[in-house]
Amino acid sequence: MIQLRCSTCQQLYPADTRAFRCNCGGTFELVGLPAFDRRAIDPAGPGLWRYRQFLPGNRHWAEVTLGEGWTPLVLTDLLGQAVHCKMEFLSPTGSFKDRGTAVTVAMLKELGIDAVVEDSSGNAAASLAAYGARAGIRVRLYVPAHASPAKLRQIAVYGAELVPVDGPRSQAALAAWQAAATTYYASHYFNPFNLAGLRTLAFEIVEQLGWRSPDHLILPVGHGTLLLGAYQGFVELRQAGVIEHLPRFFAVQALACAPVFAAWSRALDQVAEITPGTTVAEGIAIAAPVRGAALLAVLRASGGMVVTVDEDEIRWGQAALARQGLYVEPTSAVVAAAVRKLDRVIAPGDLTVVVLTGSGLKSERV
Ligand SMILES: [Zn+2]
């Protein structure tokens, strides 16, 4: 039986709780999921649902799926460095968020929930709007008024209710937290079902590499849900004896908004809120990640680090990937800039995976 457990005080909550965090303020993690077992994979299951034995809400996957997961892993050459690109921007709504959303919405079906609220800077909102439309769940989204017009249009076209909120990203979050008093809060960064879905990124990478773990995993970090979900997946694979070692996790942040780097570079074990500058990498412009302590713990445990990239480097990264035929949004392009900066860390012959999280078509400003 799955339950939610507070990551701060360890208190247990039933899976159908309407609380989005513990009374103590701590974030929830999911406990009681089945252990990973290669023999339980369904090769005929579409997308990430080949791993449905290990996913919550799996009785409802067929009503929810848009074909998310099992994105290609493509070997490219980046500055002479062989790098495997995990093509998450090919997901149904153009970003990796669909992994977590599909599993969350499958769980909503199981819990009989027909209306939700959420706040997002764009990709998570578009994803939830699409899966809400697919599954017949009403979605109200609080978005920063300054979000990319292309992203706002994408959210609106799925039929979600859009509530623009003036001010920084954190104001949209506050509005959603207030709405959560009366409506289920399907938060992509608080909701543990979302994290459970993101574990499948690790399962796929390892399976696509022939059941090997990469040496380095490089990914953009805002709230860091993808990093935390993937880490949990890799830990499960190691516990199951499928891989012998975890990859080193490299969290890439925009220099203009780098709270995790600020904490990491001072060897702190909590991430404090910062005053963010502006960055083209809007998807990771998060001033106060809600699972900061967990992020720092993963970086430490895996022997990884935080890499910051400035605006020029991000634009360089976007162009460098485009010249390989990969058109990703600036938020995703930070990983290419990071590969260039890590040239002394990544040795020739190392197995390196970068996660290309979102489509370049989303960042068009018209
Ligand atoms: Zn607690």
# chains A, B, ... in the order shown; residues from 1 in each chain; ligands from 1
call {"tool": "residues_near_ligand", "arguments": {"ligand": "ligand 1", "cutoff": "7 Å", "atoms": "only C-alpha atoms and all ligand atoms", "output": "list of chain:residue names"}}
result
A:Cys6, A:Ser7, A:Thr8, A:Cys9, A:Gln10, A:Gln11, A:Cys22, A:Asn23, A:Cys24, A:Gly25, A:Gly26
call {"tool": "write_last_selection", "arguments": {"atoms": "N, CA, C and O atoms", "output": "mmCIF file, in the first residue's frame"}}
result
data_model
loop_
_atom_site.group_PDB
_atom_site.id
_atom_site.type_symbol
_atom_site.label_atom_id
_atom_site.label_comp_id
_atom_site.auth_asym_id
_atom_site.auth_seq_id
_atom_site.Cartn_x
_atom_site.Cartn_y
_atom_site.Cartn_z
ATOM 1 N N CYS A 6 6.307 12.431 5.349
ATOM 2 C CA CYS A 6 6.956 13.741 5.426
ATOM 3 C C CYS A 6 8.468 13.554 5.445
ATOM 4 O O CYS A 6 8.996 12.774 6.235
ATOM 5 N N SER A 7 9.149 14.285 4.574
ATOM 6 C CA SER A 7 10.603 14.128 4.497
ATOM 7 C C SER A 7 11.304 14.851 5.650
ATOM 8 O O SER A 7 12.499 14.676 5.849
ATOM 9 N N THR A 8 10.550 15.626 6.442
ATOM 10 C CA THR A 8 11.156 16.319 7.582
ATOM 11 C C THR A 8 10.904 15.570 8.892
ATOM 12 O O THR A 8 11.844 15.232 9.611
ATOM 13 N N CYS A 9 9.612 15.301 9.190
ATOM 14 C CA CYS A 9 9.286 14.695 10.501
ATOM 15 C C CYS A 9 8.860 13.233 10.397
ATOM 16 O O CYS A 9 8.553 12.613 11.413
ATOM 17 N N GLN A 10 8.833 12.687 9.169
ATOM 18 C CA GLN A 10 8.539 11.262 8.920
ATOM 19 C C GLN A 10 7.080 10.869 9.169
ATOM 20 O O GLN A 10 6.742 9.685 9.113
ATOM 21 N N GLN A 11 6.211 11.826 9.468
ATOM 22 C CA GLN A 11 4.804 11.462 9.699
ATOM 23 C C GLN A 11 4.201 10.877 8.422
ATOM 24 O O GLN A 11 4.480 11.350 7.313
ATOM 25 N N CYS A 22 3.163 18.455 4.662
ATOM 26 C CA CYS A 22 2.923 18.052 6.048
ATOM 27 C C CYS A 22 2.512 19.270 6.895
ATOM 28 O O CYS A 22 2.846 20.409 6.564
ATOM 29 N N ASN A 23 1.837 18.994 8.006
ATOM 30 C CA ASN A 23 1.504 20.076 8.946
ATOM 31 C C ASN A 23 2.747 20.820 9.415
ATOM 32 O O ASN A 23 2.679 21.993 9.762
ATOM 33 N N CYS A 24 3.893 20.126 9.420
ATOM 34 C CA CYS A 24 5.139 20.759 9.874
ATOM 35 C C CYS A 24 5.764 21.599 8.762
ATOM 36 O O CYS A 24 6.776 22.263 8.983
ATOM 37 N N GLY A 25 5.182 21.572 7.557
ATOM 38 C CA GLY A 25 5.742 22.329 6.432
ATOM 39 C C GLY A 25 6.637 21.495 5.526
ATOM 40 O O GLY A 25 7.047 21.953 4.462
ATOM 41 N N GLY A 26 6.943 20.266 5.949
ATOM 42 C CA GLY A 26 7.828 19.403 5.162
ATOM 43 C C GLY A 26 7.147 18.890 3.893
ATOM 44 O O GLY A 26 5.920 18.873 3.795
#
call {"tool": "residues_around", "arguments": {"residues": "Thr200 in chain A", "least_positions_apart": "4", "cutoff": "7 Å", "atoms": "only C-alpha atoms", "output": "list in words"}}
result
Leu48, Glu204 and Gly233 of chain A
call {"tool": "write_last_selection", "arguments": {"atoms": "all heavy atoms", "output": "PDB file, in the first residue's frame"}}
result
ATOM      1  N   LEU A  48       6.322   5.186 -21.054  1.00  0.00           N
ATOM      2  CA  LEU A  48       6.817   4.878 -19.710  1.00  0.00           C
ATOM      3  C   LEU A  48       5.963   3.830 -19.007  1.00  0.00           C
ATOM      4  O   LEU A  48       6.341   3.317 -17.950  1.00  0.00           O
ATOM      5  CB  LEU A  48       6.924   6.156 -18.867  1.00  0.00           C
ATOM      6  CG  LEU A  48       5.682   7.020 -18.647  1.00  0.00           C
ATOM      7  CD1 LEU A  48       4.759   6.452 -17.584  1.00  0.00           C
ATOM      8  CD2 LEU A  48       6.115   8.423 -18.258  1.00  0.00           C
ATOM      9  N   GLU A 204      14.592   4.348 -18.106  1.00  0.00           N
ATOM     10  CA  GLU A 204      14.760   4.368 -19.569  1.00  0.00           C
ATOM     11  C   GLU A 204      16.221   4.537 -19.978  1.00  0.00           C
ATOM     12  O   GLU A 204      16.711   3.857 -20.879  1.00  0.00           O
ATOM     13  CB  GLU A 204      13.931   5.501 -20.182  1.00  0.00           C
ATOM     14  CG  GLU A 204      12.452   5.184 -20.200  1.00  0.00           C
ATOM     15  CD  GLU A 204      11.619   6.290 -20.839  1.00  0.00           C
ATOM     16  OE1 GLU A 204      12.169   7.105 -21.607  1.00  0.00           O
ATOM     17  OE2 GLU A 204      10.407   6.329 -20.564  1.00  0.00           O
ATOM     18  N   GLY A 233      15.074   6.899  -9.052  1.00  0.00           N
ATOM     19  CA  GLY A 233      15.046   5.785  -9.997  1.00  0.00           C
ATOM     20  C   GLY A 233      16.368   5.041 -10.042  1.00  0.00           C
ATOM     21  O   GLY A 233      16.407   3.803 -10.019  1.00  0.00           O
TER      22      GLY A 233
END
call {"tool": "closest_residue", "arguments": {"among": "A:Glu207, A:Gly283, A:Leu361, A:Leu79", "to": "Pro43 in chain A", "atoms": "only C-alpha atoms"}}
result
A:Glu207
call {"tool": "closest_atom_pairs", "arguments": {"of": "range 172-257 of chain A", "to": "range 113-124 of chain A", "cutoff": "12 Å", "atoms": "only C-alpha atoms", "output": "Markdown table"}}
result
| residue | atom | partner | partner_atom | distance |
| --- | --- | --- | --- | --- |
| A:Ala172 | CA | A:Asp119 | CA | 5.9 |
| A:Ala173 | CA | A:Asp119 | CA | 5.4 |
| A:Leu174 | CA | A:Asp119 | CA | 8.6 |
| A:Ala175 | CA | A:Asp119 | CA | 8.0 |
| A:Ala176 | CA | A:Asp119 | CA | 5.8 |
| A:Trp177 | CA | A:Glu118 | CA | 8.4 |
| A:Gln178 | CA | A:Val117 | CA | 10.0 |
| A:Ala179 | CA | A:Val117 | CA | 7.0 |
| A:Ala180 | CA | A:Val117 | CA | 6.9 |
| A:Ala181 | CA | A:Val117 | CA | 10.3 |
| A:Thr182 | CA | A:Val116 | CA | 9.6 |
| A:Thr183 | CA | A:Val116 | CA | 5.7 |
| A:Tyr184 | CA | A:Val116 | CA | 4.8 |
| A:Tyr185 | CA | A:Val117 | CA | 5.0 |
| A:Ala186 | CA | A:Glu118 | CA | 5.6 |
| A:Ser187 | CA | A:Glu118 | CA | 5.3 |
| A:His188 | CA | A:Ala124 | CA | 6.6 |
| A:Tyr189 | CA | A:Ala124 | CA | 9.4 |
| A:Phe190 | CA | A:Glu118 | CA | 10.2 |
| A:Asn191 | CA | A:Glu118 | CA | 10.3 |
| A:Asn194 | CA | A:Ala124 | CA | 10.5 |
| A:Gly222 | CA | A:Ser121 | CA | 10.8 |
| A:His223 | CA | A:Ser120 | CA | 11.1 |
| A:Thr225 | CA | A:Ala124 | CA | 11.3 |
| A:Leu226 | CA | A:Ala124 | CA | 11.8 |
call {"tool": "write_last_selection", "arguments": {"atoms": "N, CA and C atoms", "output": "short mmCIF file (atom, residue, chain, number, x, y, z; two decimals), in the first residue's frame"}}
result
data_model
loop_
_atom_site.label_atom_id
_atom_site.label_comp_id
_atom_site.auth_asym_id
_atom_site.auth_seq_id
_atom_site.Cartn_x
_atom_site.Cartn_y
_atom_site.Cartn_z
N ALA A 172 2.67 33.71 -8.20
CA ALA A 172 1.78 32.70 -8.79
C ALA A 172 1.67 31.49 -7.86
N ALA A 173 2.79 31.14 -7.25
CA ALA A 173 2.79 30.02 -6.30
C ALA A 173 1.90 30.33 -5.10
N LEU A 174 2.02 31.52 -4.55
CA LEU A 174 1.20 31.91 -3.40
C LEU A 174 -0.28 31.83 -3.73
N ALA A 175 -0.64 32.29 -4.92
CA ALA A 175 -2.05 32.26 -5.34
C ALA A 175 -2.55 30.82 -5.39
N ALA A 176 -1.72 29.92 -5.90
CA ALA A 176 -2.12 28.50 -5.98
C ALA A 176 -2.23 27.89 -4.59
N TRP A 177 -1.30 28.24 -3.70
CA TRP A 177 -1.34 27.68 -2.34
C TRP A 177 -2.63 28.10 -1.64
N GLN A 178 -3.07 29.32 -1.89
CA GLN A 178 -4.34 29.78 -1.30
C GLN A 178 -5.52 28.99 -1.88
N ALA A 179 -5.48 28.79 -3.20
CA ALA A 179 -6.56 28.03 -3.85
C ALA A 179 -6.57 26.58 -3.38
N ALA A 180 -5.43 26.08 -2.94
CA ALA A 180 -5.31 24.69 -2.51
C ALA A 180 -6.14 24.39 -1.27
N ALA A 181 -6.63 25.44 -0.60
CA ALA A 181 -7.47 25.23 0.58
C ALA A 181 -8.79 24.57 0.18
N THR A 182 -9.24 24.80 -1.05
CA THR A 182 -10.54 24.26 -1.45
C THR A 182 -10.46 23.29 -2.64
N THR A 183 -9.37 23.31 -3.41
CA THR A 183 -9.26 22.47 -4.60
C THR A 183 -7.94 21.70 -4.56
N TYR A 184 -7.96 20.46 -5.05
CA TYR A 184 -6.74 19.64 -5.02
C TYR A 184 -5.60 20.35 -5.75
N TYR A 185 -4.45 20.41 -5.10
CA TYR A 185 -3.29 21.12 -5.64
C TYR A 185 -2.38 20.09 -6.32
N ALA A 186 -2.44 20.06 -7.65
CA ALA A 186 -1.64 19.08 -8.42
C ALA A 186 -0.28 19.69 -8.75
N SER A 187 0.44 20.06 -7.72
CA SER A 187 1.70 20.79 -7.90
C SER A 187 2.79 19.89 -8.47
N HIS A 188 3.46 20.37 -9.53
CA HIS A 188 4.52 19.55 -10.11
C HIS A 188 5.74 19.50 -9.19
N TYR A 189 5.84 20.41 -8.22
CA TYR A 189 7.03 20.36 -7.35
C TYR A 189 6.72 19.88 -5.94
N PHE A 190 5.45 19.94 -5.51
CA PHE A 190 5.11 19.36 -4.20
C PHE A 190 4.61 17.93 -4.33
N ASN A 191 3.87 17.65 -5.41
CA ASN A 191 3.13 16.39 -5.48
C ASN A 191 4.07 15.18 -5.65
N ASN A 194 4.07 13.04 -8.93
CA ASN A 194 4.85 13.59 -10.02
C ASN A 194 6.30 13.06 -9.97
N GLY A 222 15.73 23.77 -11.56
CA GLY A 222 15.00 24.89 -10.95
C GLY A 222 14.54 24.43 -9.58
N HIS A 223 13.35 23.82 -9.52
CA HIS A 223 12.94 23.13 -8.30
C HIS A 223 13.70 21.81 -8.14
N THR A 225 12.93 18.83 -9.51
CA THR A 225 12.12 17.62 -9.42
C THR A 225 12.65 16.52 -10.34
N LEU A 226 13.13 16.90 -11.52
CA LEU A 226 13.64 15.89 -12.45
C LEU A 226 14.87 15.20 -11.87
#
call {"tool": "residues_around", "arguments": {"residues": "Leu90 in chain A", "least_positions_apart": "2", "cutoff": "10 Å", "atoms": "only C-alpha atoms", "output": "short mmCIF file (atom, residue, chain, number, x, y, z; two decimals) with C-alpha atoms, in the first residue's frame"}}
result
data_model
loop_
_atom_site.label_atom_id
_atom_site.label_comp_id
_atom_site.auth_asym_id
_atom_site.auth_seq_id
_atom_site.Cartn_x
_atom_site.Cartn_y
_atom_site.Cartn_z
CA GLU A 68 4.68 9.96 -22.91
CA GLY A 69 8.04 8.41 -22.11
CA TRP A 70 10.45 6.14 -23.99
CA THR A 71 11.97 9.20 -25.67
CA PRO A 72 15.00 8.49 -27.87
CA LYS A 86 17.81 12.20 -23.83
CA MET A 87 15.21 13.76 -26.09
CA GLU A 88 12.58 14.80 -23.57
CA PRO A 92 3.52 14.96 -26.05
CA THR A 93 3.46 18.58 -24.83
CA GLY A 94 7.11 19.29 -25.62
CA SER A 95 8.72 18.80 -22.22
CA PHE A 96 9.78 16.15 -19.69
CA VAL A 328 15.60 23.13 -27.52
CA LEU A 356 17.12 17.98 -23.26
CA THR A 357 14.04 18.91 -21.27
CA GLY A 358 11.96 21.23 -23.48
CA SER A 359 11.28 22.14 -27.10
#
call {"tool": "atom_distance", "arguments": {"atom1": "CA of Gly159 in chain A", "atom2": "CA of Thr104 in chain A"}}
result
18.8 Å
call {"tool": "closest_residue", "arguments": {"among": "A:Asp269, A:Glu311, A:Asp215, A:Glu29", "to": "Leu255 in chain A", "atoms": "only C-alpha atoms"}}
result
A:Glu311
call {"tool": "residues_around", "arguments": {"residues": "Phe193 in chain A", "least_positions_apart": "4", "cutoff": "10 Å", "atoms": "only C-alpha atoms", "output": "JSON, numbers by chain"}}
result
{"A": [4, 15, 28, 29, 30, 55, 56, 57, 100, 101, 102, 103, 104, 105, 106, 107, 108, 186, 187, 188, 189, 197, 198]}
call {"tool": "closest_residue", "arguments": {"among": "A:Thr279, A:Ser302, A:Gln318, A:Thr17", "to": "His216 in chain A", "atoms": "only C-alpha atoms"}}
result
A:Ser302
call {"tool": "residues_around", "arguments": {"residues": "Ala258 in chain A", "least_positions_apart": "4", "cutoff": "12 Å", "atoms": "only C-alpha atoms", "output": "PyMOL selection string"}}
result
chain A and resi 220-224+251-254+262-265+271-279+281+284-289+292+306-310
call {"tool": "select_by_dssp", "arguments": {"residues": "range 90-228 of chain A", "states": "strand (DSSP E)", "output": "ChimeraX atom specification"}}
result
/A:115-119,138-144,161-165,184-185,216-220
call {"tool": "residues_around", "arguments": {"residues": "Lys362 in chain A", "least_positions_apart": "5", "cutoff": "7 Å", "atoms": "only C-alpha atoms", "output": "PDB file with N, CA and C atoms, in the first residue's frame"}}
result
ATOM      1  N   ALA A 150       4.174  32.114 -26.201  1.00  0.00           N
ATOM      2  CA  ALA A 150       3.969  30.819 -26.859  1.00  0.00           C
ATOM      3  C   ALA A 150       3.484  29.789 -25.842  1.00  0.00           C
ATOM      4  N   LYS A 151       4.060  29.843 -24.629  1.00  0.00           N
ATOM      5  CA  LYS A 151       3.655  28.883 -23.588  1.00  0.00           C
ATOM      6  C   LYS A 151       2.241  29.161 -23.116  1.00  0.00           C
ATOM      7  N   GLU A 329      14.658  24.691 -25.941  1.00  0.00           N
ATOM      8  CA  GLU A 329      14.488  26.014 -25.348  1.00  0.00           C
ATOM      9  C   GLU A 329      15.736  26.366 -24.518  1.00  0.00           C
TER      10      GLU A 329
END
